[in-house]
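Here is entry11.cif, consisting of mmCIF, C-alpha atoms:
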data_work
loop_
_atom_site.label_atom_id
_atom_site.label_comp_id
_atom_site.auth_asym_id
_atom_site.auth_seq_id
_atom_site.Cartn_x
_atom_site.Cartn_y
_atom_site.Cartn_z
CA MET A 160 -56.42 -22.55 125.15
CA THR A 161 -55.71 -26.27 125.45
CA GLU A 162 -55.22 -28.11 128.64
CA SER A 163 -52.24 -30.38 128.78
CA VAL A 164 -51.10 -33.14 131.02
CA SER A 165 -47.35 -33.53 131.47
CA GLY A 166 -46.69 -31.24 128.53
CA SER A 167 -48.90 -33.12 126.03
CA ALA A 168 -52.46 -32.50 124.96
CA ALA A 169 -55.01 -34.63 126.81
CA LYS A 170 -56.64 -37.26 124.60
CA VAL A 171 -60.26 -38.22 124.63
CA PRO A 172 -60.51 -41.66 126.30
CA GLY A 173 -61.99 -43.19 123.14
CA ASP A 174 -58.89 -42.17 121.14
CA ARG A 175 -56.42 -43.96 123.38
CA GLY A 176 -55.38 -47.24 121.89
CA ARG A 177 -55.95 -49.07 118.63
CA THR A 178 -58.78 -51.15 117.23
CA THR A 179 -58.11 -53.90 114.71
CA ILE A 180 -60.78 -55.78 112.81
CA ALA A 181 -60.12 -59.32 111.59
CA ASP A 182 -60.83 -60.36 108.01
CA GLY A 183 -63.36 -62.90 109.30
CA VAL A 184 -65.43 -60.20 111.01
CA VAL A 185 -65.79 -58.24 107.77
CA GLU A 186 -66.52 -61.49 105.88
CA LYS A 187 -69.39 -62.34 108.23
CA ILE A 188 -70.90 -58.86 107.99
CA ALA A 189 -70.64 -58.91 104.18
CA GLY A 190 -72.06 -62.44 103.94
CA LEU A 191 -75.11 -61.59 106.00
CA ALA A 192 -75.66 -58.32 104.11
CA ALA A 193 -75.44 -60.09 100.73
CA ARG A 194 -77.94 -62.77 101.79
CA GLU A 195 -80.49 -60.04 102.64
CA VAL A 196 -80.79 -59.07 98.97
CA LEU A 197 -83.77 -60.43 97.04
CA GLY A 198 -82.55 -62.67 94.21
CA VAL A 199 -79.51 -64.06 96.03
CA HIS A 200 -80.21 -67.77 96.38
CA ALA A 201 -76.93 -68.81 98.02
CA MET A 202 -73.37 -67.78 98.63
CA GLY A 203 -70.32 -69.65 97.43
CA SER A 204 -69.87 -72.23 94.74
CA GLY A 205 -72.89 -73.02 92.67
CA SER A 206 -72.12 -76.69 92.09
CA GLY A 207 -74.72 -79.04 93.49
CA LEU A 208 -72.11 -81.10 95.30
CA SER A 209 -70.71 -78.03 97.06
CA ARG A 210 -74.20 -76.92 98.09
CA THR A 211 -74.87 -80.41 99.44
CA PHE A 212 -71.71 -80.37 101.54
CA GLY A 213 -72.58 -76.86 102.69
CA ALA A 214 -76.03 -78.00 103.80
CA VAL A 215 -74.46 -80.88 105.74
CA ARG A 216 -71.91 -78.53 107.34
CA ASP A 217 -74.74 -76.17 108.35
CA ARG A 218 -76.47 -78.99 110.23
CA VAL A 219 -73.39 -79.99 112.21
CA PRO A 220 -73.14 -78.23 115.58
CA GLY A 221 -70.57 -75.45 115.22
CA GLY A 222 -70.60 -75.72 111.42
CA ALA A 223 -73.05 -72.86 110.85
CA LYS A 224 -70.41 -70.28 111.76
CA ALA A 225 -68.42 -71.09 108.63
CA SER A 226 -71.52 -70.83 106.42
CA VAL A 227 -72.09 -67.17 107.29
CA SER A 228 -68.90 -66.16 105.51
CA ARG A 229 -68.99 -68.84 102.79
CA GLY A 230 -68.43 -67.22 99.41
CA VAL A 231 -66.83 -64.09 100.88
CA LYS A 232 -63.16 -63.12 100.98
CA ALA A 233 -62.04 -59.89 102.61
CA GLU A 234 -58.72 -58.10 102.70
CA VAL A 235 -58.70 -55.69 105.61
CA GLY A 236 -56.18 -52.90 106.08
CA GLU A 237 -55.98 -50.25 108.76
CA VAL A 238 -58.64 -47.97 107.24
CA GLN A 239 -59.85 -49.75 104.09
CA THR A 240 -61.16 -53.12 102.99
CA ALA A 241 -61.77 -54.89 99.68
CA LEU A 242 -64.21 -57.76 99.22
CA ASP A 243 -64.75 -60.62 96.77
CA LEU A 244 -68.14 -62.35 96.83
CA GLU A 245 -69.34 -65.45 95.01
CA ILE A 246 -73.11 -65.74 94.69
CA VAL A 247 -75.81 -67.97 93.20
CA VAL A 248 -78.80 -66.03 91.89
CA ASP A 249 -82.40 -67.09 91.39
CA TYR A 250 -83.50 -67.66 87.80
CA GLY A 251 -85.41 -64.76 86.30
CA VAL A 252 -83.81 -61.92 88.23
CA SER A 253 -81.65 -59.27 86.62
CA ILE A 254 -78.11 -60.27 87.54
CA ARG A 255 -76.95 -56.69 87.05
CA ASP A 256 -79.62 -55.38 89.46
CA VAL A 257 -78.92 -58.09 92.04
CA ALA A 258 -75.18 -57.41 91.88
CA ARG A 259 -75.77 -53.66 92.30
CA ALA A 260 -78.07 -54.25 95.29
CA VAL A 261 -75.62 -56.68 96.88
CA ARG A 262 -72.76 -54.21 96.41
CA GLU A 263 -74.79 -51.35 97.95
CA ASN A 264 -76.01 -53.42 100.91
CA VAL A 265 -72.58 -54.87 101.65
CA ILE A 266 -70.82 -51.49 101.46
CA SER A 267 -73.44 -49.88 103.69
CA ALA A 268 -73.30 -52.63 106.34
CA VAL A 269 -69.52 -52.96 106.44
CA GLU A 270 -68.86 -49.21 106.56
CA ARG A 271 -71.56 -48.61 109.18
CA MET A 272 -70.45 -51.42 111.47
CA THR A 273 -66.66 -51.20 111.11
CA GLY A 274 -65.88 -47.63 110.09
CA LEU A 275 -63.64 -49.02 107.34
CA GLU A 276 -63.85 -47.58 103.83
CA VAL A 277 -64.90 -50.27 101.35
CA VAL A 278 -62.79 -49.62 98.24
CA GLU A 279 -64.29 -52.38 96.09
CA VAL A 280 -66.77 -55.23 96.11
CA ASN A 281 -66.14 -57.74 93.32
CA ILE A 282 -69.02 -60.12 92.64
CA ALA A 283 -68.75 -63.43 90.79
CA VAL A 284 -72.03 -65.09 89.86
CA SER A 285 -71.20 -68.79 89.85
CA ASP A 286 -74.64 -70.31 89.17
CA VAL A 287 -78.33 -69.71 88.60
CA LYS A 288 -80.90 -71.56 90.71
CA LEU A 289 -83.55 -72.85 88.32
CA PRO A 290 -87.19 -73.02 89.47
CA ASP A 291 -87.43 -76.79 88.96
CA GLU A 292 -84.17 -77.55 90.78
CA GLU A 293 -84.68 -78.88 94.25
CA ASP A 294 -82.54 -77.52 97.04
CA GLU A 295 -80.14 -80.32 97.68
CA GLU A 296 -80.50 -80.92 101.37
CA PRO A 297 -79.52 -84.45 102.27
CA GLU A 298 -81.49 -86.37 104.81
CA SER A 299 -80.10 -86.11 108.26
CA ARG A 300 -78.73 -89.35 109.69
CA LEU A 301 -79.28 -88.03 113.21
CA GLN A 302 -82.59 -88.42 114.95
#

Would you put the structure from the file into structure tokens?
Amino acid sequence: MTESVSGSAAKVPGDRGRTTIADGVVEKIAGLAAREVLGVHAMGSGSGLSRTFGAVRDRVPGGAKASVSRGVKAEVGEVQTALDLEIVVDYGVSIRDVARAVRENVISAVERMTGLEVVEVNIAVSDVKLPDEEDEEPESRLQ
């Protein structure tokens, strides 16, 4: 027997209404999850100039928010999402193993936190960080 209110079945309070998740939310979750994987040196373009500008942007107040999702593009639907990631890997690691670990960590984090089904995670490796390359962090002009 079901109880009804005004002729319709009563809904659980948590089922009343709709929840939407912005692309940027999924991009941040995926970016953080990808960075947790050993062997991922950076996210986004591997060119030295781009990394330099990224380091500058990270130092500017309010600029760090953009860096969390740098290198990640998400397409979010009502129940599914697809992701494209661009990563820079450390020299000497197995790119295949790093990509697999990134894919697993990203899918786990996004599905756990959002409830969305991740249908694909495409990974583009844009550069390899060599051991003798210095991280290009420009000197800060602010003191």

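Remark: for Asp182 of chain A, the closest of the candidate residues A:Leu289, A:Val196, A:Val227, A:Val235 is A:Val235 (distances computed over only C-alpha atoms).
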
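Residue nearest Glu245 of chain A, chosen from A:Asp286, A:Asp291, A:Glu195, A:Glu263 and counting all atoms listed in the file: A:Asp286.
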
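Residues lying within 10 Å of Ala268 of chain A, counting only C-alpha atoms and ignoring same-chain neighbours fewer than 6 positions away, are Val185, Ile188, Ala189, Leu191, Ala192, Ala193 and Gly274 of chain A.
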
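For the pair atom CA of Gln239 of chain A and atom CA of Val277 of chain A, the separation is 5.8 Å.
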
What would the selection look like, as a PyMOL selection string, if the PyMOL selection byres ((chain A and resi 278) around 9) were run on the coordinates I just shared?
chain A and resi 239-242+266+276-277+279-280

Looking at only C-alpha atoms, which of A:Arg229, A:Gly173, A:Val261, A:Glu186 is the one that sits closest to Val248 of chain A?
A:Val261

How big is the axis-aligned box around the listed atoms of segment 173-185 of chain A once 6 Å is added on each side, and where is its centre? Give both in Å to one decimal, as JSON.
{"center_x": -60.6, "center_y": -52.5, "center_z": 115.6, "size_x": 22.4, "size_y": 32.7, "size_z": 27.6}

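Between atom CA of Gly190 of chain A and atom CA of Ser228 of chain A lies a distance of 5.1 Å.
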
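Counting all atoms listed in the file, the residue from A:Ser253, A:Ser226, A:Asn264, A:Thr273 that sits nearest to Val184 of chain A is A:Thr273.
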
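Interatomic distance, atom CA of Val287 of chain A to atom CA of Val257 of chain A: 12.1 Å.
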
Residues selected by the PyMOL selection byres ((chain A and resi 247) around 10), written as number ranges by chain
A: 198-206, 230, 245-246, 248-250, 254, 283-288

Hey, which of A:Leu275, A:Leu197, A:Thr178, A:Pro290 ends up closest to Arg259 of chain A? Count only C-alpha atoms.
A:Leu197
